[in-house]
>>> print(open('work_39.cif').read())   # mmCIF, C-alpha atoms and all ligand atoms
data_start
loop_
_atom_site.label_atom_id
_atom_site.label_comp_id
_atom_site.auth_asym_id
_atom_site.auth_seq_id
_atom_site.Cartn_x
_atom_site.Cartn_y
_atom_site.Cartn_z
CA MET A 1 1.90 -4.53 -24.42
CA SER A 2 -1.24 -6.45 -23.47
CA GLN A 3 -4.31 -6.90 -25.65
CA SER A 4 -6.08 -4.05 -23.87
CA GLY A 5 -3.35 -1.70 -25.10
CA ILE A 6 -2.22 -1.09 -21.52
CA PRO A 7 1.46 -1.97 -21.00
CA THR A 8 2.15 -4.78 -18.55
CA ILE A 9 4.34 -3.49 -15.75
CA ARG A 10 5.84 -5.47 -12.91
CA SER A 11 6.57 -4.06 -9.48
CA VAL A 12 7.57 -0.44 -9.17
CA SER A 13 7.02 -0.11 -5.42
CA PRO A 14 10.04 -1.01 -3.27
CA PHE A 15 7.73 -2.80 -0.82
CA ARG A 16 6.23 -6.25 -0.70
CA TYR A 17 2.78 -6.17 0.80
CA PRO A 18 0.63 -9.03 2.07
CA GLY A 19 -2.48 -8.79 -0.09
CA GLY A 20 -0.97 -5.94 -2.13
CA LYS A 21 -3.15 -4.59 -4.92
CA ALA A 22 -0.59 -3.66 -7.59
CA PHE A 23 -2.29 -6.19 -9.91
CA LEU A 24 -5.41 -3.97 -10.05
CA TYR A 25 -3.62 -1.18 -11.91
CA LYS A 26 -5.15 -1.98 -15.32
CA TYR A 27 -8.65 -1.86 -13.90
CA LEU A 28 -7.84 1.38 -12.04
CA LEU A 29 -6.37 2.89 -15.19
CA GLN A 30 -9.62 2.24 -17.02
CA ARG A 31 -11.48 3.93 -14.20
CA LEU A 32 -9.13 6.93 -14.38
CA ASN A 33 -9.52 7.23 -18.12
CA VAL A 34 -13.19 8.11 -17.84
CA LEU A 35 -12.55 11.06 -15.50
CA PRO A 36 -12.54 14.53 -17.08
CA GLY A 37 -9.29 15.19 -19.01
CA GLY A 38 -6.45 17.25 -17.65
CA GLN A 39 -4.57 16.58 -14.46
CA ARG A 40 -5.90 13.44 -12.85
CA ILE A 41 -5.19 12.53 -9.27
CA TYR A 42 -5.18 9.19 -7.50
CA ALA A 43 -5.52 8.87 -3.72
CA GLU A 44 -5.10 5.91 -1.34
CA PRO A 45 -6.27 6.40 2.27
CA PHE A 46 -4.79 3.00 3.35
CA CYS A 47 -1.72 2.96 1.11
CA GLY A 48 0.65 0.31 2.54
CA GLY A 49 3.08 -0.49 -0.28
CA ALA A 50 1.00 1.59 -2.74
CA GLY A 51 1.74 -0.95 -5.47
CA ALA A 52 -0.94 0.22 -7.89
CA ALA A 53 -0.40 3.94 -7.22
CA VAL A 54 3.23 4.01 -8.26
CA ILE A 55 2.55 1.97 -11.40
CA LEU A 56 -0.14 4.48 -12.42
CA LEU A 57 2.33 7.31 -11.85
CA LYS A 58 4.99 5.54 -13.90
CA LEU A 59 2.51 5.00 -16.74
CA GLY A 60 1.78 8.73 -16.77
CA ALA A 61 -1.89 8.00 -16.04
CA VAL A 62 -1.99 10.49 -13.19
CA GLU A 63 -0.38 13.79 -12.42
CA GLU A 64 -0.21 13.24 -8.68
CA ILE A 65 -0.68 10.47 -6.16
CA HIS A 66 -1.78 11.17 -2.59
CA LEU A 67 -0.77 8.38 -0.21
CA ASN A 68 -1.84 7.99 3.39
CA ASP A 69 -1.16 5.40 6.07
CA ALA A 70 -1.80 5.76 9.80
CA ASP A 71 1.09 3.46 10.70
CA PRO A 72 4.19 5.51 11.66
CA LYS A 73 6.40 2.71 10.31
CA VAL A 74 4.83 2.74 6.85
CA PHE A 75 4.71 6.54 6.81
CA SER A 76 8.39 6.77 7.88
CA ALA A 77 9.47 4.45 5.10
CA TRP A 78 7.66 6.45 2.40
CA ASP A 79 8.73 9.77 3.89
CA ALA A 80 12.40 8.70 4.04
CA ILE A 81 12.34 7.44 0.44
CA LEU A 82 10.66 10.57 -0.91
CA ASN A 83 12.66 13.12 1.06
CA GLN A 84 16.08 11.42 1.30
CA PRO A 85 16.23 9.05 -1.69
CA GLU A 86 20.02 9.14 -2.08
CA ARG A 87 20.63 8.37 1.59
CA PHE A 88 18.02 5.59 1.44
CA ALA A 89 19.55 4.09 -1.72
CA ALA A 90 23.03 4.24 -0.13
CA GLU A 91 21.69 2.33 2.91
CA ILE A 92 20.22 -0.29 0.58
CA MET A 93 23.58 -0.75 -1.12
CA SER A 94 25.67 -0.94 2.05
CA THR A 95 23.58 -2.47 4.87
CA PRO A 96 24.58 -6.07 5.63
CA ILE A 97 21.65 -8.37 4.85
CA ASP A 98 22.06 -10.75 7.73
CA MET A 99 20.48 -11.83 11.01
CA PRO A 100 22.22 -9.20 13.22
CA THR A 101 20.73 -6.42 11.01
CA TRP A 102 17.34 -8.17 11.07
CA TYR A 103 17.35 -8.26 14.91
CA SER A 104 18.50 -4.66 15.17
CA CYS A 105 15.73 -3.52 12.78
CA ARG A 106 13.15 -5.48 14.73
CA GLU A 107 14.24 -3.70 17.90
CA LYS A 108 13.83 -0.32 16.15
CA VAL A 109 10.30 -1.01 14.94
CA GLU A 110 8.86 -2.57 18.08
CA GLY A 111 6.75 -0.01 19.87
CA ALA A 112 7.99 2.83 17.65
CA THR A 113 5.56 5.73 17.48
CA HIS A 114 7.66 8.62 16.14
CA PRO A 115 8.46 8.79 12.44
CA SER A 116 12.16 8.93 11.54
CA PHE A 117 14.53 7.94 8.74
CA GLU A 118 15.89 5.07 10.88
CA LEU A 119 12.41 3.74 11.56
CA GLY A 120 11.61 4.00 7.85
CA PHE A 121 14.68 2.07 6.76
CA ALA A 122 14.20 -0.58 9.46
CA THR A 123 10.59 -1.07 8.31
CA PHE A 124 11.70 -1.42 4.70
CA PHE A 125 14.49 -3.86 5.66
CA LEU A 126 12.07 -6.09 7.60
CA ASN A 127 9.50 -5.89 4.80
CA ARG A 128 12.08 -7.21 2.31
CA THR A 129 13.62 -9.86 4.56
CA SER A 130 10.69 -11.28 6.56
CA ARG A 131 8.25 -13.94 5.48
CA SER A 132 5.42 -12.60 3.29
CA GLY A 133 6.67 -9.04 3.84
CA ILE A 134 5.16 -8.90 7.34
CA VAL A 135 7.06 -6.30 9.38
CA ILE A 136 5.99 -7.33 12.88
CA GLY A 137 5.15 -10.89 13.85
CA ALA A 138 6.87 -12.94 11.11
CA GLY A 139 10.29 -14.54 11.12
CA PRO A 140 13.08 -13.97 8.59
CA ILE A 141 13.02 -15.64 5.17
CA GLY A 142 15.06 -18.83 5.60
CA GLY A 143 14.22 -19.15 9.31
CA TYR A 144 16.04 -17.95 12.43
CA ASP A 145 18.76 -20.53 11.84
CA GLN A 146 18.96 -19.63 8.11
CA ARG A 147 18.70 -23.25 7.08
CA GLY A 148 15.81 -22.80 4.63
CA ASN A 149 16.19 -23.11 0.87
CA TRP A 150 15.73 -19.36 0.55
CA LYS A 151 17.95 -17.13 2.69
CA ILE A 152 17.33 -13.76 4.26
CA ASP A 153 18.56 -11.89 1.16
CA ALA A 154 16.29 -13.78 -1.30
CA ARG A 155 14.07 -10.72 -1.84
CA PHE A 156 16.71 -8.05 -1.40
CA ASN A 157 18.13 -7.25 -4.82
CA ARG A 158 20.13 -4.18 -3.84
CA LYS A 159 20.47 -2.75 -7.34
CA VAL A 160 16.83 -3.12 -8.31
CA LEU A 161 15.58 -1.71 -5.00
CA ALA A 162 17.99 1.23 -5.05
CA GLU A 163 16.83 2.04 -8.59
CA ARG A 164 13.18 2.02 -7.52
CA VAL A 165 14.00 4.35 -4.64
CA ARG A 166 15.94 6.74 -6.90
CA TRP A 167 13.08 6.80 -9.40
CA LEU A 168 10.62 7.65 -6.60
CA GLY A 169 13.00 10.42 -5.52
CA SER A 170 12.97 11.81 -9.06
CA VAL A 171 9.17 12.13 -9.04
CA SER A 172 8.76 13.00 -5.37
CA ASP A 173 7.17 16.38 -6.19
CA ARG A 174 4.22 14.40 -7.59
CA ILE A 175 3.78 12.16 -4.53
CA LYS A 176 2.19 13.50 -1.35
CA ILE A 177 2.45 11.36 1.75
CA PHE A 178 0.28 11.74 4.87
CA GLN A 179 0.03 9.99 8.22
CA GLU A 180 -3.60 10.46 9.16
CA ASP A 181 -6.47 8.26 10.10
CA ALA A 182 -8.14 7.26 6.82
CA LEU A 183 -11.39 8.99 7.77
CA THR A 184 -9.56 12.25 8.49
CA PHE A 185 -7.62 11.90 5.23
CA LEU A 186 -10.87 11.43 3.28
CA SER A 187 -12.55 14.39 4.90
CA ARG A 188 -9.48 16.66 4.36
CA SER A 189 -9.20 15.46 0.76
CA THR A 190 -12.53 17.05 -0.02
CA THR A 191 -10.86 20.46 0.31
CA ARG A 192 -7.32 19.47 -0.75
CA LEU A 193 -8.26 17.83 -4.06
CA ARG A 194 -10.34 18.47 -7.18
CA LEU A 195 -12.73 15.62 -6.51
CA ASP A 196 -14.12 15.34 -10.05
CA ARG A 197 -10.60 14.52 -11.25
CA THR A 198 -9.64 12.25 -8.39
CA LEU A 199 -10.00 8.49 -8.10
CA PHE A 200 -9.87 7.12 -4.55
CA PHE A 201 -8.69 3.55 -4.17
CA VAL A 202 -9.68 2.35 -0.72
CA ASP A 203 -8.14 -0.89 0.60
CA PRO A 204 -8.85 -1.07 4.35
CA PRO A 205 -7.80 -3.82 6.77
CA TYR A 206 -10.18 -6.78 6.76
CA VAL A 207 -13.33 -6.70 8.90
CA THR A 208 -12.27 -10.17 10.06
CA ALA A 209 -8.59 -9.68 10.76
CA GLY A 210 -7.02 -13.08 10.12
CA GLY A 211 -3.78 -12.54 12.03
CA ARG A 212 -1.76 -9.39 12.37
CA LEU A 213 -0.36 -8.67 8.94
CA TYR A 214 -0.16 -4.90 9.47
CA LEU A 215 -1.67 -2.20 11.66
CA ASN A 216 -5.43 -2.46 12.01
CA ALA A 217 -6.72 0.86 13.29
CA MET A 218 -10.28 0.06 12.24
CA ASN A 219 -13.23 -1.40 14.13
CA GLU A 220 -16.85 -2.03 13.23
CA GLY A 221 -17.86 1.56 13.96
CA LYS A 222 -15.13 2.86 11.66
CA HIS A 223 -16.02 0.43 8.87
CA ILE A 224 -19.56 1.80 9.10
CA ALA A 225 -18.33 5.42 9.21
CA LEU A 226 -16.22 4.74 6.11
CA SER A 227 -19.24 3.41 4.25
CA ASP A 228 -21.20 6.52 5.28
CA VAL A 229 -18.50 8.82 3.91
CA LEU A 230 -18.08 6.92 0.65
CA GLN A 231 -21.81 6.68 0.01
CA SER A 232 -22.69 10.23 1.08
CA GLY A 233 -22.18 11.50 -2.48
CA THR A 234 -19.33 13.89 -1.55
CA ILE A 235 -16.69 11.72 -3.18
CA PRO A 236 -17.74 10.95 -6.74
CA ASN A 237 -15.17 8.33 -7.84
CA TRP A 238 -13.99 5.47 -5.69
CA VAL A 239 -13.03 1.82 -5.77
CA LEU A 240 -13.06 -0.24 -2.61
CA THR A 241 -11.72 -3.71 -1.79
CA TYR A 242 -12.61 -5.72 1.32
CA ASP A 243 -12.81 -9.23 2.68
CA ASP A 244 -16.03 -10.91 1.64
CA HIS A 245 -17.89 -10.28 4.90
CA PRO A 246 -21.66 -10.03 5.54
CA LEU A 247 -21.23 -6.58 7.12
CA ILE A 248 -19.67 -5.28 3.90
CA ARG A 249 -22.27 -6.94 1.64
CA ASP A 250 -24.91 -5.31 3.84
CA LEU A 251 -23.34 -1.83 4.04
CA TYR A 252 -22.78 -1.63 0.28
CA ASP A 253 -25.86 -3.50 -0.92
CA THR A 254 -26.80 -0.78 -3.39
CA GLN A 255 -23.37 -0.76 -5.08
CA ASP A 256 -21.77 -2.99 -7.72
CA ILE A 257 -19.97 -5.80 -5.89
CA SER A 258 -17.73 -8.28 -7.71
CA ASP A 259 -15.52 -11.15 -6.48
CA LEU A 260 -11.76 -10.87 -6.27
CA SER A 261 -9.14 -13.46 -5.35
CA VAL A 262 -6.00 -12.03 -3.75
CA SER A 263 -2.64 -13.70 -3.08
CA TYR A 264 -1.36 -13.33 0.45
CA SER A 265 1.67 -15.56 0.35
CA LEU A 266 3.62 -16.81 -2.60
CA GLN A 267 5.21 -19.46 -0.44
CA ASN A 268 2.09 -21.40 0.47
CA LYS A 269 -0.03 -19.96 -2.37
CA ARG A 270 -2.55 -18.68 0.16
CA LYS A 271 -5.40 -16.82 -1.48
CA GLU A 272 -8.24 -14.90 0.13
CA ARG A 273 -11.66 -14.12 -1.24
CA GLU A 274 -12.21 -10.43 -1.39
CA VAL A 275 -14.80 -8.21 -3.01
CA LEU A 276 -14.34 -5.19 -5.23
CA ILE A 277 -16.93 -2.46 -4.92
CA SER A 278 -16.90 0.40 -7.33
CA HIS A 279 -18.74 3.66 -7.59
CA ALA A 280 -18.85 6.36 -10.22
CA ALA A 281 -21.13 9.36 -9.98
C1 LIG B 301 -4.69 -3.75 3.22
S1 LIG B 301 -3.31 -2.73 3.63
C2 LIG B 301 -3.14 -1.76 2.16
C3 LIG B 301 -2.33 -2.43 1.07
C4 LIG B 301 -2.12 -1.58 -0.15
N1 LIG B 301 -3.35 -1.35 -0.89
C5 LIG B 301 -1.07 -2.19 -1.10
O1 LIG B 301 -1.39 -2.57 -2.24
O2 LIG B 301 0.09 -2.31 -0.68
C6 LIG B 301 -4.03 -1.66 4.79
C7 LIG B 301 -3.13 -0.51 5.31
O3 LIG B 301 -3.95 0.35 6.10
C8 LIG B 301 -3.20 0.89 7.19
N2 LIG B 301 -4.20 1.27 8.20
C9 LIG B 301 -4.85 0.50 9.11
N3 LIG B 301 -5.78 1.21 9.77
C10 LIG B 301 -5.74 2.48 9.26
C11 LIG B 301 -6.47 3.68 9.51
N4 LIG B 301 -7.47 3.72 10.42
N5 LIG B 301 -6.20 4.78 8.79
C12 LIG B 301 -5.21 4.75 7.85
N6 LIG B 301 -4.45 3.66 7.58
C13 LIG B 301 -4.72 2.53 8.28
C14 LIG B 301 -2.26 -0.23 7.57
O4 LIG B 301 -1.09 0.29 8.17
C15 LIG B 301 -1.98 -0.91 6.21
O5 LIG B 301 -0.78 -0.46 5.65
#
>>> encode(input="work_39.cif", output="structure tokens")
Amino acid sequence: MSQSGIPTIRSVSPFRYPGGKAFLYKYLLQRLNVLPGGQRIYAEPFCGGAGAAVILLKLGAVEEIHLNDADPKVFSAWDAILNQPERFAAEIMSTPIDMPTWYSCREKVEGATHPSFELGFATFFLNRTSRSGIVIGAGPIGGYDQRGNWKIDARFNRKVLAERVRWLGSVSDRIKIFQEDALTFLSRSTTRLRLDRTLFFVDPPYVTAGGRLYLNAMNEGKHIALSDVLQSGTIPNWVLTYDDHPLIRDLYDTQDISDLSVSYSLQNKRKEREVLISHAA
């Protein structure tokens, strides 16, 4: 238990995510605690590995989490875990963690547009076995020749990962997963959710994309549209993280903006400067 009285929890999500925001869960919990009592909801329009969301669910801080990601690979992985947890856990326990599997998964994800269990598992496999958790565009941990100090299975603890998947399966009725554009998800959420009891955590791709870490289906117009939606007053409670970019400082100049330093790679200790913008009605 930490001094704040909030238990310290390590990863619950089965994914690694470059720039993942699991570490913000204590801050988000404090934000949730000031919402009206009763069934609280947490929603992420750009969920990726949803590191913070699943910790909040595990802590019992929220009744439901609503996750959304436009990428069919990310959606497939979540959908497969939530709807077929036993099959997914069995794949984790039995799939050979080696270069032939890595190449075969890479073939499955390249150019894939239709969600499926196979695409979901291939995405998960690459996330756990590629450098920094990057699904497309990074090599395997340990290098193509597997001569590195760490090998391809360094981040693939079968038992731990299968347990995380089974736990997610056991609470799947409290996790909703969507594959929509974030702006569509936000606009539909206004009718799907009790907004006074919902905290939105919004973690979009950077305005300045520094390399292709994951899908970036945003552009300047959409960053502006997102700021219009968030600041229109329709959504009362939200927290937003972004790269520290002049466009963002300008768009949100009437909000509270604080600095945030986020780890992108454990290997080379790369950190990025981000900002955290928060709004409560
Ligand atoms: C910064 S990552 C989110 C990381 C996440 N907060 C975590 O802790 O794991 C951004 C995510 O947004 C998704 N994405 C990109 N453009 C999108 C869009 N227009 N609508 C919805 N999701 C999008 C990407 O696939 C990626 O998974």
>>> closest_residue(input="work_39.cif", among="A:Trp78, A:Tyr17, A:Tyr27, A:Trp102", to="ligand LIG 301 (chain B)", atoms="only C-alpha atoms and all ligand atoms")
A:Tyr17
>>> residues_near_ligand(input="work_39.cif", ligand="ligand LIG 301 (chain B)", cutoff="9 Å", atoms="only C-alpha atoms and all ligand atoms", output="PyMOL selection string")
chain A and resi 13+15-24+44-53+68-75+179-185+201-206+213-219+222+241-242
>>> residues_around(input="work_39.cif", residues="segment 147-158 of chain A", least_positions_apart="5", cutoff="6 Å", atoms="all atoms listed in the file", output="PyMOL selection string")
chain A and resi 92-93+97+128-129+141-142
>>> closest_residue(input="work_39.cif", among="A:Thr234, A:Ser278, A:Ser104, A:Thr208", to="Arg188 of chain A", atoms="all atoms listed in the file")
A:Thr234
>>> residues_around(input="work_39.cif", residues="Leu193 of chain A", least_positions_apart="5", cutoff="10 Å", atoms="all atoms listed in the file", output="PDB file with C-alpha atoms, keeping the file's coordinate frame")
ATOM      1  CA  ILE A  41      -5.190  12.530  -9.270  1.00  0.00           C
ATOM      2  CA  TYR A  42      -5.180   9.190  -7.500  1.00  0.00           C
ATOM      3  CA  ALA A  43      -5.520   8.870  -3.720  1.00  0.00           C
ATOM      4  CA  HIS A  66      -1.780  11.170  -2.590  1.00  0.00           C
ATOM      5  CA  ARG A 188      -9.480  16.660   4.360  1.00  0.00           C
ATOM      6  CA  THR A 198      -9.640  12.250  -8.390  1.00  0.00           C
TER       7      THR A 198
END
>>> atom_distance(input="work_39.cif", atom1="atom CA of Lys26 of chain A", atom2="atom CA of Arg10 of chain A")
11.8 Å
>>> atom_distance(input="work_39.cif", atom1="atom CA of Pro85 of chain A", atom2="atom CA of Leu59 of chain A")
20.8 Å
>>> atom_distance(input="work_39.cif", atom1="atom CA of Gly233 of chain A", atom2="atom CA of Asp250 of chain A")
18.2 Å
>>> closest_residue(input="work_39.cif", among="A:Ile248, A:Val135, A:Val165, A:Val171", to="Ala90 of chain A", atoms="all atoms listed in the file")
A:Val165
>>> closest_residue(input="work_39.cif", among="A:Thr95, A:Ser261, A:Thr254, A:Ser172", to="Lys58 of chain A", atoms="all atoms listed in the file")
A:Ser172
>>> residues_near_point(input="work_39.cif", point="(1.9, 11.3, -4.0)", cutoff="8 Å", atoms="all atoms listed in the file", output="list in words")
Ala43, Glu64, Ile65, His66, Leu67, Ser172, Asp173, Arg174, Ile175, Lys176 and Ile177 of chain A
>>> closest_residue(input="work_39.cif", among="A:Leu251, A:Ser11, A:Leu57, A:Val239", to="Ala225 of chain A", atoms="only C-alpha atoms")
A:Leu251
>>> residues_around(input="work_39.cif", residues="segment 257-259 of chain A", least_positions_apart="2", cutoff="7 Å", atoms="all atoms listed in the file", output="PDB file with C-alpha atoms, in the coordinates of the input")
ATOM      1  CA  GLN A 255     -23.370  -0.760  -5.080  1.00  0.00           C
ATOM      2  CA  SER A 261      -9.140 -13.460  -5.350  1.00  0.00           C
ATOM      3  CA  GLU A 274     -12.210 -10.430  -1.390  1.00  0.00           C
ATOM      4  CA  VAL A 275     -14.800  -8.210  -3.010  1.00  0.00           C
ATOM      5  CA  LEU A 276     -14.340  -5.190  -5.230  1.00  0.00           C
ATOM      6  CA  ILE A 277     -16.930  -2.460  -4.920  1.00  0.00           C
TER       7      ILE A 277
END
>>> residues_near_point(input="work_39.cif", point="(15.4, 11.5, -7.4)", cutoff="10 Å", atoms="all atoms listed in the file", output="number ranges by chain")
A: 81-86, 163-173
>>> closest_residue(input="work_39.cif", among="A:Arg131, A:His223, A:Lys159, A:Arg87", to="Leu240 of chain A", atoms="only C-alpha atoms")
A:His223
>>> axis_aligned_box(input="work_39.cif", around="segment 120-124 of chain A", padding_each_side="6 Å", output="AutoDock Vina command-line options")
--center_x 12.6 --center_y 1.3 --center_z 7.1 --size_x 16.1 --size_y 17.4 --size_z 16.8
>>> residues_around(input="work_39.cif", residues="Arg273 of chain A", least_positions_apart="2", cutoff="7 Å", atoms="all atoms listed in the file", output="count of residues only")
7
>>> decode(input="work_39.cif", residues="segment 37-55 of chain A", atoms="N, CA and C atoms", output="PDB file, in the first residue's frame")
ATOM      1  N   GLY A  37     -21.166   9.210  -6.637  1.00  0.00           N
ATOM      2  CA  GLY A  37     -21.056   7.801  -6.231  1.00  0.00           C
ATOM      3  C   GLY A  37     -21.880   6.892  -7.130  1.00  0.00           C
ATOM      4  N   GLY A  38     -21.831   5.616  -6.835  1.00  0.00           N
ATOM      5  CA  GLY A  38     -22.570   4.661  -7.664  1.00  0.00           C
ATOM      6  C   GLY A  38     -21.662   4.101  -8.733  1.00  0.00           C
ATOM      7  N   GLN A  39     -22.247   3.661  -9.825  1.00  0.00           N
ATOM      8  CA  GLN A  39     -21.464   2.939 -10.822  1.00  0.00           C
ATOM      9  C   GLN A  39     -20.671   3.888 -11.712  1.00  0.00           C
ATOM     10  N   ARG A  40     -19.374   3.881 -11.506  1.00  0.00           N
ATOM     11  CA  ARG A  40     -18.526   4.772 -12.303  1.00  0.00           C
ATOM     12  C   ARG A  40     -18.006   4.038 -13.535  1.00  0.00           C
ATOM     13  N   ILE A  41     -17.816   4.824 -14.569  1.00  0.00           N
ATOM     14  CA  ILE A  41     -17.373   4.244 -15.846  1.00  0.00           C
ATOM     15  C   ILE A  41     -16.113   4.972 -16.302  1.00  0.00           C
ATOM     16  N   TYR A  42     -15.260   4.225 -16.987  1.00  0.00           N
ATOM     17  CA  TYR A  42     -14.009   4.794 -17.480  1.00  0.00           C
ATOM     18  C   TYR A  42     -13.950   4.467 -18.967  1.00  0.00           C
ATOM     19  N   ALA A  43     -13.596   5.440 -19.797  1.00  0.00           N
ATOM     20  CA  ALA A  43     -13.592   5.201 -21.248  1.00  0.00           C
ATOM     21  C   ALA A  43     -12.302   5.714 -21.880  1.00  0.00           C
ATOM     22  N   GLU A  44     -11.736   4.898 -22.778  1.00  0.00           N
ATOM     23  CA  GLU A  44     -10.513   5.283 -23.502  1.00  0.00           C
ATOM     24  C   GLU A  44     -10.747   5.211 -25.007  1.00  0.00           C
ATOM     25  N   PRO A  45     -10.818   6.376 -25.689  1.00  0.00           N
ATOM     26  CA  PRO A  45     -11.038   6.372 -27.133  1.00  0.00           C
ATOM     27  C   PRO A  45      -9.834   5.903 -27.956  1.00  0.00           C
ATOM     28  N   PHE A  46      -8.616   5.969 -27.373  1.00  0.00           N
ATOM     29  CA  PHE A  46      -7.404   5.478 -28.065  1.00  0.00           C
ATOM     30  C   PHE A  46      -6.750   4.472 -27.105  1.00  0.00           C
ATOM     31  N   CYS A  47      -7.295   3.265 -27.001  1.00  0.00           N
ATOM     32  CA  CYS A  47      -6.946   2.444 -25.821  1.00  0.00           C
ATOM     33  C   CYS A  47      -5.609   1.729 -25.906  1.00  0.00           C
ATOM     34  N   GLY A  48      -5.142   1.311 -27.071  1.00  0.00           N
ATOM     35  CA  GLY A  48      -3.879   0.554 -27.143  1.00  0.00           C
ATOM     36  C   GLY A  48      -3.894  -0.596 -26.148  1.00  0.00           C
ATOM     37  N   GLY A  49      -2.892  -0.653 -25.282  1.00  0.00           N
ATOM     38  CA  GLY A  49      -2.806  -1.727 -24.286  1.00  0.00           C
ATOM     39  C   GLY A  49      -3.683  -1.501 -23.068  1.00  0.00           C
ATOM     40  N   ALA A  50      -4.334  -0.337 -22.993  1.00  0.00           N
ATOM     41  CA  ALA A  50      -5.300  -0.029 -21.910  1.00  0.00           C
ATOM     42  C   ALA A  50      -4.735  -0.324 -20.524  1.00  0.00           C
ATOM     43  N   GLY A  51      -3.459  -0.021 -20.338  1.00  0.00           N
ATOM     44  CA  GLY A  51      -2.780  -0.352 -19.085  1.00  0.00           C
ATOM     45  C   GLY A  51      -3.460   0.210 -17.853  1.00  0.00           C
ATOM     46  N   ALA A  52      -3.854   1.478 -17.896  1.00  0.00           N
ATOM     47  CA  ALA A  52      -4.482   2.092 -16.718  1.00  0.00           C
ATOM     48  C   ALA A  52      -5.904   1.558 -16.531  1.00  0.00           C
ATOM     49  N   ALA A  53      -6.620   1.374 -17.624  1.00  0.00           N
ATOM     50  CA  ALA A  53      -8.031   0.950 -17.538  1.00  0.00           C
ATOM     51  C   ALA A  53      -8.181  -0.360 -16.778  1.00  0.00           C
ATOM     52  N   VAL A  54      -7.347  -1.342 -17.118  1.00  0.00           N
ATOM     53  CA  VAL A  54      -7.540  -2.652 -16.489  1.00  0.00           C
ATOM     54  C   VAL A  54      -7.092  -2.644 -15.030  1.00  0.00           C
ATOM     55  N   ILE A  55      -6.139  -1.779 -14.688  1.00  0.00           N
ATOM     56  CA  ILE A  55      -5.768  -1.656 -13.271  1.00  0.00           C
ATOM     57  C   ILE A  55      -6.946  -1.070 -12.498  1.00  0.00           C
TER      58      ILE A  55
END
